[in-house]
file target.txt (compact mmCIF, C-alpha atoms)
# COMPACT_ATOMS: atom_id res chain seq x y z
CA MET N 149 21.69 -132.76 -57.34
CA PRO N 150 20.92 -136.47 -57.94
CA GLY N 151 19.46 -135.57 -61.34
CA VAL N 152 22.63 -133.75 -62.41
CA LEU N 153 24.78 -136.61 -61.13
CA ALA N 154 22.64 -139.13 -63.02
CA ALA N 155 23.07 -137.14 -66.25
CA ALA N 156 26.84 -136.97 -65.71
CA LEU N 157 27.06 -140.70 -65.07
CA GLY N 158 24.96 -141.39 -68.17
CA ALA N 159 27.43 -139.44 -70.27
CA ALA N 160 30.38 -141.16 -68.55
CA PHE N 161 28.89 -144.57 -69.33
CA VAL N 162 29.19 -143.78 -73.04
CA VAL N 163 32.54 -141.98 -73.06
CA ALA N 164 34.67 -143.25 -70.17
CA PRO N 165 34.96 -147.03 -70.78
CA GLY N 166 36.84 -146.80 -74.06
CA VAL N 167 39.15 -144.10 -72.72
CA LEU N 168 39.97 -145.80 -69.42
CA ALA N 169 40.26 -149.33 -70.81
CA GLY N 170 42.48 -148.07 -73.61
CA ARG N 171 45.01 -146.79 -71.08
CA THR N 172 45.61 -150.22 -69.59
CA PRO N 173 48.64 -152.34 -70.65
CA GLY N 174 48.18 -153.38 -74.28
CA GLY N 175 46.13 -150.31 -75.15
CA GLY N 176 42.72 -150.09 -76.74
CA TYR N 177 41.14 -149.95 -80.18
CA SER N 178 40.37 -146.94 -82.32
CA ASP N 179 36.85 -148.11 -83.15
CA GLU N 180 34.59 -151.15 -83.26
CA GLU N 181 35.84 -152.13 -86.73
CA ALA N 182 39.42 -152.35 -85.44
CA LEU N 183 38.25 -154.54 -82.55
CA ILE N 184 36.31 -156.84 -84.89
CA THR N 185 39.29 -157.11 -87.24
CA GLY N 186 41.58 -157.98 -84.34
CA MET N 187 39.10 -160.53 -83.05
CA ARG N 188 38.80 -162.19 -86.46
CA THR N 189 42.58 -162.49 -86.90
CA SER N 190 43.13 -163.70 -83.33
CA PHE N 191 40.30 -166.23 -83.58
CA ILE N 192 41.90 -167.83 -86.65
CA GLU N 193 45.21 -168.04 -84.80
CA TYR N 194 43.57 -169.49 -81.70
CA TRP N 195 41.65 -172.14 -83.60
CA SER N 196 44.71 -173.35 -85.46
CA SER N 197 47.04 -173.22 -82.43
CA GLY N 198 45.81 -176.44 -80.82
CA ASP N 199 46.24 -174.87 -77.39
CA ARG N 200 43.66 -174.07 -74.69
CA GLY N 201 45.46 -170.89 -73.66
CA TYR N 202 44.83 -167.72 -75.67
CA PRO N 203 47.52 -166.52 -78.07
CA ALA N 204 48.98 -163.09 -77.33
CA GLY N 205 46.67 -161.22 -79.71
CA LEU N 206 43.51 -162.77 -78.33
CA GLU N 207 44.68 -162.40 -74.74
CA ARG N 208 45.14 -158.68 -75.34
CA ILE N 209 41.59 -158.41 -76.70
CA VAL N 210 40.16 -160.39 -73.78
CA ASP N 211 42.02 -158.23 -71.24
CA TYR N 212 40.77 -155.07 -72.93
CA TRP N 213 37.21 -156.42 -73.02
CA ILE N 214 37.30 -157.19 -69.30
CA ASP N 215 38.66 -153.73 -68.42
CA TYR N 216 36.14 -152.05 -70.72
CA HIS N 217 33.17 -153.78 -69.14
CA ILE N 218 34.42 -153.40 -65.57
CA VAL N 219 34.32 -149.65 -66.12
CA LYS N 220 30.86 -149.86 -67.65
CA ALA N 221 29.56 -152.09 -64.85
CA VAL N 222 30.89 -149.74 -62.15
CA ILE N 223 29.42 -146.64 -63.79
CA ALA N 224 26.09 -148.39 -64.36
CA ALA N 225 26.03 -149.49 -60.70
CA LEU N 226 26.72 -145.93 -59.54
CA LEU N 227 24.00 -144.66 -61.86
CA LEU N 228 21.59 -147.24 -60.46
CA ALA N 229 22.34 -146.11 -56.90
CA VAL N 230 21.79 -142.45 -57.81
CA LEU N 231 18.52 -143.23 -59.59
CA ILE N 232 17.25 -145.24 -56.62
CA LEU N 233 18.04 -142.27 -54.36
CA LEU N 234 16.35 -139.89 -56.80
CA GLY N 235 13.29 -142.11 -57.07
CA ALA N 236 13.01 -142.34 -53.28
CA ARG N 237 13.14 -138.56 -52.97
CA LEU N 238 10.44 -138.14 -55.60
CA LEU N 239 8.21 -140.78 -53.99
CA ARG N 240 8.54 -139.51 -50.42
CA PRO N 241 5.97 -136.68 -50.72
CA LEU N 242 3.56 -139.07 -52.47
CA VAL N 243 3.59 -141.58 -49.61
CA THR N 244 3.71 -139.04 -46.76
CA PRO N 245 0.47 -137.80 -45.19
CA GLY N 246 -0.29 -134.16 -45.85
CA HIS N 247 -1.62 -131.83 -48.50
CA LEU N 248 -0.21 -132.12 -52.02
CA SER N 249 -1.61 -130.15 -54.95
CA PRO N 250 -2.81 -132.22 -57.95
CA GLY N 251 -0.31 -130.50 -60.22
CA ARG N 252 2.69 -131.19 -58.01
CA GLY N 253 1.50 -134.71 -57.40
CA ALA N 254 1.31 -135.39 -61.15
CA VAL N 255 4.81 -133.99 -61.70
CA LEU N 256 6.26 -136.07 -58.86
CA ALA N 257 4.49 -139.24 -60.03
CA SER N 258 5.64 -138.89 -63.64
CA SER N 259 9.19 -138.03 -62.56
CA ALA N 260 9.29 -141.01 -60.21
CA ALA N 261 8.05 -143.29 -63.00
CA LEU N 262 10.80 -141.98 -65.28
CA ALA N 263 13.42 -142.52 -62.57
CA ALA N 264 12.13 -146.07 -62.00
CA THR N 265 12.34 -146.85 -65.72
CA ALA N 266 15.88 -145.49 -65.87
CA ALA N 267 16.82 -147.47 -62.74
CA PHE N 268 15.55 -150.71 -64.26
CA THR N 269 17.52 -149.96 -67.44
CA SER N 270 20.63 -149.31 -65.34
CA ALA N 271 20.12 -152.61 -63.51
CA VAL N 272 20.00 -154.40 -66.87
CA LEU N 273 23.20 -152.61 -67.93
CA VAL N 274 24.92 -153.72 -64.72
CA MET N 275 23.93 -157.32 -65.39
CA VAL N 276 24.98 -157.50 -69.04
CA ASN N 277 28.34 -155.90 -68.27
CA ILE N 278 28.95 -158.34 -65.42
CA GLN N 279 28.30 -161.07 -67.99
CA ASP N 280 31.05 -159.66 -70.19
CA VAL N 281 33.49 -159.51 -67.28
CA VAL N 282 32.79 -163.05 -66.06
CA ALA N 283 32.86 -164.68 -69.51
CA PRO N 284 34.68 -162.29 -71.88
CA PHE N 285 35.45 -164.82 -74.60
CA GLY N 286 31.83 -165.96 -74.69
CA SER N 287 30.88 -162.33 -75.20
CA LEU N 288 33.56 -161.60 -77.79
CA ILE N 289 32.36 -164.47 -79.99
CA SER N 290 29.38 -162.29 -80.89
CA LEU N 291 31.78 -159.87 -82.62
CA LEU N 292 32.99 -162.47 -85.11
CA PRO N 293 31.89 -161.48 -88.64
CA VAL N 294 30.73 -164.99 -89.58
CA GLY N 295 29.24 -163.77 -92.86
CA THR N 296 32.50 -162.29 -94.15
CA SER N 297 33.93 -163.27 -97.52
CA ASP N 298 37.46 -163.58 -96.11
CA THR N 299 38.60 -167.01 -97.32
CA GLN N 300 40.82 -167.93 -94.40
CA PHE N 301 38.23 -166.91 -91.82
CA ALA N 302 35.41 -168.60 -93.75
CA ASP N 303 37.45 -171.82 -93.76
CA THR N 304 37.95 -171.56 -89.99
CA VAL N 305 34.23 -170.95 -89.46
CA GLY N 306 33.48 -174.00 -91.60
CA GLN N 307 35.67 -176.15 -89.37
CA VAL N 308 34.00 -174.75 -86.26
CA ARG N 309 30.56 -175.54 -87.68
CA GLN N 310 31.59 -179.08 -88.49
CA ARG N 311 32.93 -179.68 -84.98
CA LEU N 312 29.97 -178.04 -83.25
CA ALA N 313 27.48 -180.09 -85.26
CA ALA N 314 28.91 -183.27 -83.72
CA TYR N 315 29.82 -181.87 -80.29
CA PRO N 316 30.80 -183.41 -77.93
CA HIS N 317 31.51 -186.36 -80.26
CA THR N 318 33.67 -184.35 -82.64
CA GLY N 319 35.67 -187.27 -83.98
CA GLY N 320 39.10 -187.77 -82.49
CA ARG N 321 40.46 -185.20 -80.06
CA THR N 322 38.17 -182.25 -79.44
CA PRO N 323 40.05 -179.01 -80.24
CA PRO N 324 40.89 -177.18 -76.99
CA ALA N 325 39.66 -173.94 -78.55
CA LEU N 326 36.25 -175.53 -79.12
CA GLN N 327 36.04 -176.71 -75.50
CA THR N 328 36.89 -173.19 -74.30
CA MET N 329 34.32 -171.66 -76.64
CA VAL N 330 31.50 -173.92 -75.50
CA SER N 331 32.29 -173.69 -71.77
CA ASN N 332 32.76 -169.91 -71.84
CA PHE N 333 29.59 -169.45 -73.87
CA ALA N 334 27.66 -171.54 -71.33
CA LEU N 335 29.19 -169.52 -68.48
CA TYR N 336 28.22 -166.29 -70.23
CA HIS N 337 24.54 -167.27 -70.24
CA ALA N 338 24.63 -168.96 -66.82
CA THR N 339 25.86 -165.68 -65.34
CA LEU N 340 22.81 -163.88 -66.68
CA VAL N 341 20.50 -166.61 -65.35
CA ALA N 342 21.98 -166.12 -61.86
CA LEU N 343 21.68 -162.34 -62.07
CA LEU N 344 18.10 -162.54 -63.31
CA ALA N 345 17.27 -164.85 -60.42
CA ILE N 346 18.52 -162.14 -58.04
CA LEU N 347 16.51 -159.52 -59.93
CA THR N 348 13.41 -161.73 -59.64
CA VAL N 349 13.80 -161.91 -55.85
CA VAL N 350 14.27 -158.13 -55.67
CA LEU N 351 11.15 -157.44 -57.77
CA ILE N 352 9.06 -159.84 -55.66
CA ALA N 353 10.34 -158.21 -52.45
CA MET N 354 9.53 -154.72 -53.79
CA SER N 355 6.01 -155.74 -54.73
CA ILE N 356 5.29 -157.47 -51.41
CA THR N 357 6.71 -154.55 -49.41
CA SER N 358 4.51 -152.05 -51.25
CA TRP N 359 1.35 -154.11 -50.80
CA LYS N 360 2.07 -154.69 -47.10
CA ARG N 361 2.59 -150.98 -46.53
CA ARG N 362 -0.62 -150.21 -48.41
CA ALA N 363 -2.51 -152.66 -46.21
CA ARG N 364 -1.29 -150.75 -43.14
CA THR N 365 -2.33 -147.37 -44.59
CA ALA N 366 -5.65 -145.87 -43.53
CA PRO N 367 -8.40 -145.95 -46.21
CA SER N 368 -8.69 -142.17 -45.95
CA GLU N 369 -5.14 -141.76 -47.34
CA ARG N 370 -6.19 -142.36 -50.93
CA ARG N 371 -3.17 -140.80 -52.60
CA ILE N 372 -0.76 -142.89 -50.54
CA ARG N 373 -2.72 -146.09 -51.11
CA ARG N 374 -2.88 -145.41 -54.86
CA THR N 375 0.84 -144.73 -55.07
CA LEU N 376 1.69 -147.87 -53.12
CA ALA N 377 -0.64 -149.93 -55.31
CA VAL N 378 1.17 -148.73 -58.43
CA ALA N 379 4.51 -149.44 -56.74
CA GLY N 380 3.29 -152.96 -56.02
CA VAL N 381 1.91 -153.66 -59.49
CA LEU N 382 4.83 -152.46 -61.63
CA PRO N 383 7.47 -154.92 -60.31
CA ALA N 384 4.96 -157.74 -60.69
CA LEU N 385 4.36 -156.76 -64.31
CA LEU N 386 8.10 -157.02 -65.01
CA LEU N 387 8.37 -160.52 -63.55
CA PRO N 388 7.06 -162.46 -66.59
CA LEU N 389 9.58 -160.72 -68.88
CA VAL N 390 12.48 -161.36 -66.50
CA ILE N 391 11.52 -165.00 -66.04
CA LEU N 392 11.09 -165.50 -69.80
CA VAL N 393 14.57 -164.11 -70.52
CA ALA N 394 16.02 -166.26 -67.73
CA LEU N 395 14.43 -169.40 -69.18
CA ALA N 396 15.71 -168.58 -72.66
CA ASN N 397 19.25 -168.22 -71.31
CA LEU N 398 18.88 -171.38 -69.23
CA THR N 399 18.08 -173.26 -72.43
CA THR N 400 21.35 -172.00 -73.90
CA VAL N 401 23.22 -173.06 -70.76
CA MET N 402 21.84 -176.57 -71.18
CA HIS N 403 22.69 -176.73 -74.90
CA PRO N 404 25.56 -174.26 -75.49
CA ALA N 405 27.01 -176.06 -78.52
CA ALA N 406 23.68 -175.98 -80.35
CA ALA N 407 23.29 -172.26 -79.62
CA LEU N 408 26.83 -171.57 -80.83
CA LEU N 409 26.19 -173.56 -84.00
CA ALA N 410 23.07 -171.49 -84.65
CA PHE N 411 25.19 -168.36 -84.40
CA PHE N 412 27.91 -169.62 -86.74
CA ASN N 413 25.21 -170.76 -89.17
CA SER N 414 23.42 -167.43 -89.08
CA GLY N 415 25.84 -165.49 -91.24
CA ALA N 416 25.24 -162.50 -88.94
CA GLY N 417 27.60 -160.70 -86.65
CA GLY N 418 25.56 -160.83 -83.44
CA LEU N 419 23.99 -163.20 -80.97

call {"tool": "encode", "arguments": {"input": "target.txt", "output": "structure tokens"}}
result
Amino acid sequence: MPGVLAAALGAAFVVAPGVLAGRTPGGGYSDEEALITGMRTSFIEYWSSGDRGYPAGLERIVDYWIDYHIVKAVIAALLLAVLILLGARLLRPLVTPGHLSPGRGAVLASSAALAATAAFTSAVLVMVNIQDVVAPFGSLISLLPVGTSDTQFADTVGQVRQRLAAYPHTGGRTPPALQTMVSNFALYHATLVALLAILTVVLIAMSITSWKRRARTAPSERRIRRTLAVAGVLPALLLPLVILVALANLTTVMHPAAALLAFFNSGAGGL
């Protein structure tokens, strides 16, 4: 049952967000190209408005983006819970005293490893979608087609580059749109740093718990001790990667304007 539910939630994660978010006030977008086009037009309007508040077009995009990623975050969280339950069921025979045939043990171990991998992936999906909900504008900036040949948009991007290069000493009054961009971009990455810190604590706790349980297990229970050793090693192996990503995002939090400038200078459509 958990396996079927996990498969259903995986499919829902792909299909449901666009459908559900599109039914909210303001509607959705037919495809990614329509969203990017709307973002480009709204960004030009926002930059030239001189206001901190979003114009109607951009506000509609931001609201849609929040709704879209709330749905994705909820589904990913449900999927994570199901995968944790599935993994626990698969591991239970491996850490319970009693006879277990080598063949069944291998199947359970490989299935548990697959469930653990999927659970970690789901945890990452929860985190990145929370990022998008907390700082939607910082996320939406990555959709801007900064390498486009559109003259009006290219001119706007040129102005943004010029202001970011001197930020916070932009000469005269700093455009409110620029302040919002920088602060929301910093918040976007700070959110991930906080979530990765929580993930780090969870991984450390998982590793310590497994090793403590192994220490309490009789030496004669070799299968259980081996399983618990693997369960203790794997979270520890993930820690360097998690910490490295957290540090990279922390650097962006400390210098958000420089990171934004690098994006607008890249000529690419992603961060």

call {"tool": "closest_residue", "arguments": {"input": "target.txt", "among": "N:Val381, N:Leu387, N:Ser258, N:Val167", "to": "Val349 (chain N)", "atoms": "all atoms listed in the file"}}
result
N:Leu387

call {"tool": "closest_residue", "arguments": {"input": "target.txt", "among": "N:Ala221, N:Arg364, N:Ser358, N:Ala271", "to": "Ala384 (chain N)", "atoms": "only C-alpha atoms"}}
result
N:Ser358

call {"tool": "atom_distance", "arguments": {"input": "target.txt", "atom1": "CA of Phe301 (chain N)", "atom2": "CA of Gly286 (chain N)"}}
result
18.3 Å

call {"tool": "atom_distance", "arguments": {"input": "target.txt", "atom1": "CA of Leu292 (chain N)", "atom2": "CA of Ala314 (chain N)"}}
result
21.2 Å

call {"tool": "closest_residue", "arguments": {"input": "target.txt", "among": "N:Pro324, N:Ser414, N:Ala267, N:Ser297", "to": "Arg200 (chain N)", "atoms": "all atoms listed in the file"}}
result
N:Pro324

call {"tool": "residues_around", "arguments": {"input": "target.txt", "residues": "Thr296 (chain N)", "least_positions_apart": "2", "cutoff": "12 Å", "atoms": "only C-alpha atoms", "output": "PDB file with C-alpha atoms, in the coordinates of the input"}}
result
ATOM      1  CA  ILE N 184      36.310-156.840 -84.890  1.00  0.00           C
ATOM      2  CA  THR N 185      39.290-157.110 -87.240  1.00  0.00           C
ATOM      3  CA  ARG N 188      38.800-162.190 -86.460  1.00  0.00           C
ATOM      4  CA  LEU N 291      31.780-159.870 -82.620  1.00  0.00           C
ATOM      5  CA  LEU N 292      32.990-162.470 -85.110  1.00  0.00           C
ATOM      6  CA  PRO N 293      31.890-161.480 -88.640  1.00  0.00           C
ATOM      7  CA  VAL N 294      30.730-164.990 -89.580  1.00  0.00           C
ATOM      8  CA  ASP N 298      37.460-163.580 -96.110  1.00  0.00           C
ATOM      9  CA  THR N 299      38.600-167.010 -97.320  1.00  0.00           C
ATOM     10  CA  GLN N 300      40.820-167.930 -94.400  1.00  0.00           C
ATOM     11  CA  PHE N 301      38.230-166.910 -91.820  1.00  0.00           C
ATOM     12  CA  ALA N 302      35.410-168.600 -93.750  1.00  0.00           C
ATOM     13  CA  ASP N 303      37.450-171.820 -93.760  1.00  0.00           C
ATOM     14  CA  THR N 304      37.950-171.560 -89.990  1.00  0.00           C
ATOM     15  CA  VAL N 305      34.230-170.950 -89.460  1.00  0.00           C
ATOM     16  CA  PHE N 412      27.910-169.620 -86.740  1.00  0.00           C
ATOM     17  CA  SER N 414      23.420-167.430 -89.080  1.00  0.00           C
ATOM     18  CA  GLY N 415      25.840-165.490 -91.240  1.00  0.00           C
ATOM     19  CA  ALA N 416      25.240-162.500 -88.940  1.00  0.00           C
ATOM     20  CA  GLY N 417      27.600-160.700 -86.650  1.00  0.00           C
TER      21      GLY N 417
END

call {"tool": "closest_residue", "arguments": {"input": "target.txt", "among": "N:Ala263, N:Met402, N:Leu335, N:Val308", "to": "Pro323 (chain N)", "atoms": "only C-alpha atoms"}}
result
N:Val308

call {"tool": "closest_residue", "arguments": {"input": "target.txt", "among": "N:Val330, N:Ala264, N:Leu227, N:Ile214", "to": "Ala156 (chain N)", "atoms": "only C-alpha atoms"}}
result
N:Leu227

call {"tool": "atom_distance", "arguments": {"input": "target.txt", "atom1": "CA of Ala260 (chain N)", "atom2": "CA of Ile218 (chain N)"}}
result
28.5 Å

call {"tool": "closest_residue", "arguments": {"input": "target.txt", "among": "N:Ala154, N:Ala204, N:Leu340, N:Val378", "to": "Val274 (chain N)", "atoms": "all atoms listed in the file"}}
result
N:Leu340

call {"tool": "residues_near_point", "arguments": {"input": "target.txt", "point": "(28.2, -147.5, -64.0)", "cutoff": "10 Å", "atoms": "only C-alpha atoms", "output": "MDAnalysis selection string"}}
result
chainID N and resid 157:158 160:162 164:165 217:229 270:271 273:274 277
